[in-house]
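Student: This is start-v9.pdb (PDB, C-alpha atoms).
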```pdb
ATOM      1  CA  MET A  83      -6.561   5.080 -12.158
ATOM      2  CA  ILE A  84      -7.312   7.548  -9.370
ATOM      3  CA  PRO A  85     -10.232   9.170 -11.244
ATOM      4  CA  ALA A  86     -11.815   5.746 -11.782
ATOM      5  CA  LEU A  87     -11.263   4.799  -8.139
ATOM      6  CA  ALA A  88     -12.646   8.135  -6.932
ATOM      7  CA  GLN A  89     -15.738   7.684  -9.061
ATOM      8  CA  ALA A  90     -16.269   4.061  -8.005
ATOM      9  CA  GLN A  91     -15.873   4.955  -4.325
ATOM     10  CA  LYS A  92     -17.870   8.187  -4.687
ATOM     11  CA  LEU A  93     -15.035  10.247  -3.226
ATOM     12  CA  ASN A  94     -15.424  14.000  -3.037
ATOM     13  CA  GLU A  95     -12.657  16.330  -4.311
ATOM     14  CA  GLU A  96     -11.005  16.621  -0.894
ATOM     15  CA  GLN A  97     -10.880  12.834  -0.490
ATOM     16  CA  THR A  98      -9.582  12.449  -4.036
ATOM     17  CA  GLN A  99      -6.791  14.951  -3.346
ATOM     18  CA  GLN A 100      -5.899  13.122  -0.140
ATOM     19  CA  LEU A 101      -5.536   9.959  -2.213
ATOM     20  CA  ARG A 102      -3.359  11.834  -4.737
ATOM     21  CA  ASP A 103      -1.223  13.127  -1.845
ATOM     22  CA  ILE A 104      -0.668   9.603  -0.539
ATOM     23  CA  VAL A 105       0.368   8.315  -3.954
ATOM     24  CA  ALA A 106       2.577  11.374  -4.602
ATOM     25  CA  TRP A 107       4.325  10.793  -1.255
ATOM     26  CA  ARG A 108       5.125   7.227  -2.329
ATOM     27  CA  LEU A 109       6.519   8.462  -5.657
ATOM     28  CA  MET A 110       9.211  10.643  -4.076
ATOM     29  CA  GLY A 111      12.051   8.220  -4.760
ATOM     30  CA  ASN A 112      14.556   8.362  -7.592
ATOM     31  CA  ASP A 113      13.236   5.121  -9.052
ATOM     32  CA  VAL A 114      10.170   6.624 -10.745
ATOM     33  CA  THR A 115       9.560   7.027 -14.450
ATOM     34  CA  GLU A 116       9.343  10.461 -16.072
ATOM     35  CA  GLU A 117       5.597   9.970 -16.405
ATOM     36  CA  GLN A 118       5.249   9.136 -12.706
ATOM     37  CA  ALA A 119       7.424  12.114 -11.728
ATOM     38  CA  SER A 120       5.318  14.420 -13.879
ATOM     39  CA  TRP A 121       2.097  13.079 -12.345
ATOM     40  CA  ARG A 122       3.566  13.395  -8.823
ATOM     41  CA  ASP A 123       4.577  17.008  -9.376
ATOM     42  CA  ASP A 124       1.167  17.870 -10.820
ATOM     43  CA  ALA A 125      -0.529  16.279  -7.797
ATOM     44  CA  ILE A 126       1.731  18.228  -5.423
ATOM     45  CA  MET A 127       1.011  21.476  -7.278
ATOM     46  CA  ARG A 128      -2.698  20.946  -6.582
ATOM     47  CA  SER A 129      -2.147  19.870  -2.987
ATOM     48  CA  GLN A 130      -2.698  21.954   0.127
ATOM     49  CA  SER A 131      -0.281  19.744   2.091
ATOM     50  CA  THR A 132       2.631  21.815   3.395
ATOM     51  CA  THR A 133       4.411  18.640   4.482
ATOM     52  CA  LEU A 134       4.225  17.241   0.961
ATOM     53  CA  VAL A 135       5.563  20.460  -0.577
ATOM     54  CA  GLU A 136       8.366  20.575   2.020
ATOM     55  CA  ARG A 137       9.317  17.038   1.094
ATOM     56  CA  ARG A 138       9.390  18.029  -2.584
ATOM     57  CA  VAL A 139      11.646  20.996  -1.718
ATOM     58  CA  ARG A 140      14.011  18.615   0.054
ATOM     59  CA  MET A 141      13.965  16.318  -2.952
ATOM     60  CA  ALA A 142      14.903  19.223  -5.269
ATOM     61  CA  LEU A 143      17.738  20.133  -2.886
ATOM     62  CA  GLY A 144      18.998  16.549  -2.873
ATOM     63  CA  LEU A 145      18.967  16.421  -6.668
ATOM     64  CA  GLY A 146      20.671  19.799  -7.019
ATOM     65  CA  ASP A 147      17.669  21.001  -9.016
ATOM     66  CA  ARG A 148      17.797  24.800  -8.585
ATOM     67  CA  ARG A 149      14.929  25.488 -10.976
ATOM     68  CA  GLY A 150      12.736  22.946  -9.202
ATOM     69  CA  LEU A 151      13.861  24.326  -5.859
ATOM     70  CA  ASN A 152      12.623  27.798  -6.808
ATOM     71  CA  THR A 153       9.317  26.363  -8.030
ATOM     72  CA  TRP A 154       8.668  24.395  -4.855
ATOM     73  CA  LEU A 155       9.853  27.111  -2.480
ATOM     74  CA  ALA A 156       7.360  29.447  -4.125
ATOM     75  CA  ARG A 157       4.604  26.934  -3.281
ATOM     76  CA  LEU A 158       5.434  26.913   0.433
ATOM     77  CA  PRO A 159       3.041  28.946   2.577
ATOM     78  CA  MET A 160       4.603  31.981   4.275
ATOM     79  CA  GLU A 161       4.327  30.449   7.753
ATOM     80  CA  ALA A 162       6.332  27.438   6.553
ATOM     81  CA  LYS A 163       8.950  29.686   4.923
ATOM     82  CA  GLU A 164       9.399  31.478   8.241
ATOM     83  CA  LYS A 165      10.471  28.290  10.014
ATOM     84  CA  ASP A 166      14.176  28.265  10.872
ATOM     85  CA  GLU A 167      14.819  25.281   8.614
ATOM     86  CA  TRP A 168      13.861  27.286   5.492
ATOM     87  CA  ARG A 169      15.393  30.681   6.272
ATOM     88  CA  TYR A 170      18.580  30.006   4.300
ATOM     89  CA  TRP A 171      16.729  29.160   1.096
TER      90      TRP A 171
END
```
Can you dump the structure from the file as C-alpha cells?
Tutor:
Amino acid sequence: MIPALAQAQKLNEEQTQQLRDIVAWRLMGNDVTEEQASWRDDAIMRSQSTTLVERRVRMALGLGDRRGLNTWLARLPMEAKEKDEWRYW
C-alpha cells in the first residue's frame, strides 16, 4: 500500500521512508500479525530514525527477546549507545 501511495503522491525516497517510520511506530504493539511485525522490522532496519530503533530495542527488552535485542542494539548509532540509559546493555 505504501508504494502505491508514494507513487500516487509523488513522494521522494525520504518522504516514503518517513511514511514507513510513522506506520512502523504504530505497529509496535503486541497485537500485530506476524506479517505486520515482519514489515515493521524491515521498515525499521531501513530507517535512519534513532528514536524508532530505540523504541524497537525497548520492545525487544519487554518481550525478553535477547536475539532481537542484540540485532536492534547493533542498529543504534554510537552516540545513542553512549547515553546513560543504554550503558547497561
Student: Compile the contact shell of Val105 in chain A as a PDB file with C-alpha atoms, keeping the file's coordinate frame: residues with an atom at most 10 Å away, counting all atoms listed in the file, same-chain residues fewer than 3 positions apart removed.
Tutor:
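Saved file selection.pdb follows:
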```pdb
ATOM      1  CA  ILE A  84      -7.312   7.548  -9.370  1.00  0.00           C
ATOM      2  CA  GLN A  99      -6.791  14.951  -3.346  1.00  0.00           C
ATOM      3  CA  GLN A 100      -5.899  13.122  -0.140  1.00  0.00           C
ATOM      4  CA  LEU A 101      -5.536   9.959  -2.213  1.00  0.00           C
ATOM      5  CA  ARG A 102      -3.359  11.834  -4.737  1.00  0.00           C
ATOM      6  CA  ARG A 108       5.125   7.227  -2.329  1.00  0.00           C
ATOM      7  CA  LEU A 109       6.519   8.462  -5.657  1.00  0.00           C
ATOM      8  CA  MET A 110       9.211  10.643  -4.076  1.00  0.00           C
ATOM      9  CA  TRP A 121       2.097  13.079 -12.345  1.00  0.00           C
ATOM     10  CA  ARG A 122       3.566  13.395  -8.823  1.00  0.00           C
ATOM     11  CA  ALA A 125      -0.529  16.279  -7.797  1.00  0.00           C
TER      12      ALA A 125
END
```
Student: So that I can see what lies close to Ala88 in chain A, please list as a list in words the residues with an atom at most 12 Å from it, counting all atoms listed in the file and leaving out residues fewer than 2 positions away in the same chain.
Tutor: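 My list of contacting residues is Met83, Ile84, Pro85, Ala86, Ala90, Gln91, Lys92, Leu93, Asn94, Glu95, Glu96, Gln97, Thr98, Gln99, Gln100, Leu101 and Arg102 of chain A.
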Student: Considering all atoms listed in the file, can you say which of A:Glu136, A:Ala106, A:Ala142, A:Arg149 comes closest to Lys163 in chain A?
Tutor: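 Of A:Glu136, A:Ala106, A:Ala142, A:Arg149, the one nearest Lys163 in chain A is A:Glu136, counting all atoms listed in the file.
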Student: Find the distance between CA of Leu87 in chain A and CA of Thr133 in chain A and write it in Å to one decimal.
Tutor: 24.4 Å
Student: Determine, counting all atoms listed in the file, which protein, DNA and RNA residues have an atom within 12 Å of an atom of range 158-160 of chain A; residues of the same chain fewer than 4 positions away are not included. Present the result as an MDAnalysis selection string.
Tutor: chainID A and resid 126:127 129:140 151:154 164:165 168:169 171
Student: Using Å and a single decimal, report how far CA of Trp107 in chain A sits from CA of Ala156 in chain A.
Tutor: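 Distance reported for this atom pair: 19.1 Å.
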Student: What does the structure give for the distance between CA of Arg148 in chain A and CA of Ile104 in chain A, in Å to one decimal?
Tutor: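 The value is 25.2 Å.
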Student: Of the candidates A:Thr115, A:Tyr170, A:Arg128, A:Asp123, which one gets nearest to Gly150 in chain A if we count all atoms listed in the file?
Tutor: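 Result for the nearest residue to Gly150 in chain A: A:Asp123.
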Student: Rebuild range 94-116 of chain A so that it carries N, CA and C atoms, then output the result as an mmCIF file, in the coordinates of the input.
Tutor:
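Listed below is the output, result28.cif:
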```
data_model
loop_
_atom_site.group_PDB
_atom_site.id
_atom_site.type_symbol
_atom_site.label_atom_id
_atom_site.label_comp_id
_atom_site.auth_asym_id
_atom_site.auth_seq_id
_atom_site.Cartn_x
_atom_site.Cartn_y
_atom_site.Cartn_z
ATOM 1 N N ASN A 94 -15.310 12.584 -2.690
ATOM 2 C CA ASN A 94 -15.424 14.000 -3.037
ATOM 3 C C ASN A 94 -14.032 14.520 -3.421
ATOM 4 N N GLU A 95 -13.934 15.783 -3.836
ATOM 5 C CA GLU A 95 -12.657 16.330 -4.311
ATOM 6 C C GLU A 95 -11.591 16.323 -3.225
ATOM 7 N N GLU A 96 -11.969 16.630 -1.996
ATOM 8 C CA GLU A 96 -11.005 16.621 -0.894
ATOM 9 C C GLU A 96 -10.451 15.215 -0.666
ATOM 10 N N GLN A 97 -11.320 14.214 -0.669
ATOM 11 C CA GLN A 97 -10.880 12.834 -0.490
ATOM 12 C C GLN A 97 -10.006 12.381 -1.658
ATOM 13 N N THR A 98 -10.370 12.803 -2.856
ATOM 14 C CA THR A 98 -9.582 12.449 -4.036
ATOM 15 C C THR A 98 -8.191 13.065 -3.940
ATOM 16 N N GLN A 99 -8.102 14.313 -3.485
ATOM 17 C CA GLN A 99 -6.791 14.951 -3.346
ATOM 18 C C GLN A 99 -5.980 14.279 -2.249
ATOM 19 N N GLN A 100 -6.614 13.853 -1.189
ATOM 20 C CA GLN A 100 -5.899 13.122 -0.140
ATOM 21 C C GLN A 100 -5.294 11.842 -0.705
ATOM 22 N N LEU A 101 -6.040 11.164 -1.568
ATOM 23 C CA LEU A 101 -5.536 9.959 -2.213
ATOM 24 C C LEU A 101 -4.352 10.302 -3.118
ATOM 25 N N ARG A 102 -4.478 11.386 -3.891
ATOM 26 C CA ARG A 102 -3.359 11.834 -4.737
ATOM 27 C C ARG A 102 -2.127 12.137 -3.881
ATOM 28 N N ASP A 103 -2.336 12.788 -2.735
ATOM 29 C CA ASP A 103 -1.223 13.127 -1.845
ATOM 30 C C ASP A 103 -0.504 11.872 -1.366
ATOM 31 N N ILE A 104 -1.261 10.858 -1.010
ATOM 32 C CA ILE A 104 -0.668 9.603 -0.539
ATOM 33 C C ILE A 104 0.178 8.971 -1.637
ATOM 34 N N VAL A 105 -0.367 8.918 -2.836
ATOM 35 C CA VAL A 105 0.368 8.315 -3.954
ATOM 36 C C VAL A 105 1.594 9.163 -4.291
ATOM 37 N N ALA A 106 1.448 10.484 -4.301
ATOM 38 C CA ALA A 106 2.577 11.374 -4.602
ATOM 39 C C ALA A 106 3.695 11.177 -3.583
ATOM 40 N N TRP A 107 3.332 11.012 -2.317
ATOM 41 C CA TRP A 107 4.325 10.793 -1.255
ATOM 42 C C TRP A 107 5.144 9.539 -1.555
ATOM 43 N N ARG A 108 4.456 8.497 -2.032
ATOM 44 C CA ARG A 108 5.125 7.227 -2.329
ATOM 45 C C ARG A 108 6.002 7.310 -3.581
ATOM 46 N N LEU A 109 5.755 8.307 -4.415
ATOM 47 C CA LEU A 109 6.519 8.462 -5.657
ATOM 48 C C LEU A 109 7.667 9.463 -5.511
ATOM 49 N N MET A 110 8.141 9.671 -4.305
ATOM 50 C CA MET A 110 9.211 10.643 -4.076
ATOM 51 C C MET A 110 10.611 10.077 -4.294
ATOM 52 N N GLY A 111 10.730 8.806 -4.565
ATOM 53 C CA GLY A 111 12.051 8.220 -4.760
ATOM 54 C C GLY A 111 12.639 8.548 -6.122
ATOM 55 N N ASN A 112 13.871 8.145 -6.315
ATOM 56 C CA ASN A 112 14.556 8.362 -7.592
ATOM 57 C C ASN A 112 14.258 7.260 -8.597
ATOM 58 N N ASP A 113 13.497 6.280 -8.195
ATOM 59 C CA ASP A 113 13.236 5.121 -9.052
ATOM 60 C C ASP A 113 11.893 5.221 -9.771
ATOM 61 N N VAL A 114 11.446 6.438 -10.054
ATOM 62 C CA VAL A 114 10.170 6.624 -10.745
ATOM 63 C C VAL A 114 10.422 6.987 -12.205
ATOM 64 N N THR A 115 9.453 6.672 -13.035
ATOM 65 C CA THR A 115 9.560 7.027 -14.450
ATOM 66 C C THR A 115 9.295 8.526 -14.618
ATOM 67 N N GLU A 116 9.625 9.045 -15.796
ATOM 68 C CA GLU A 116 9.343 10.461 -16.072
ATOM 69 C C GLU A 116 7.851 10.746 -15.970
#
```
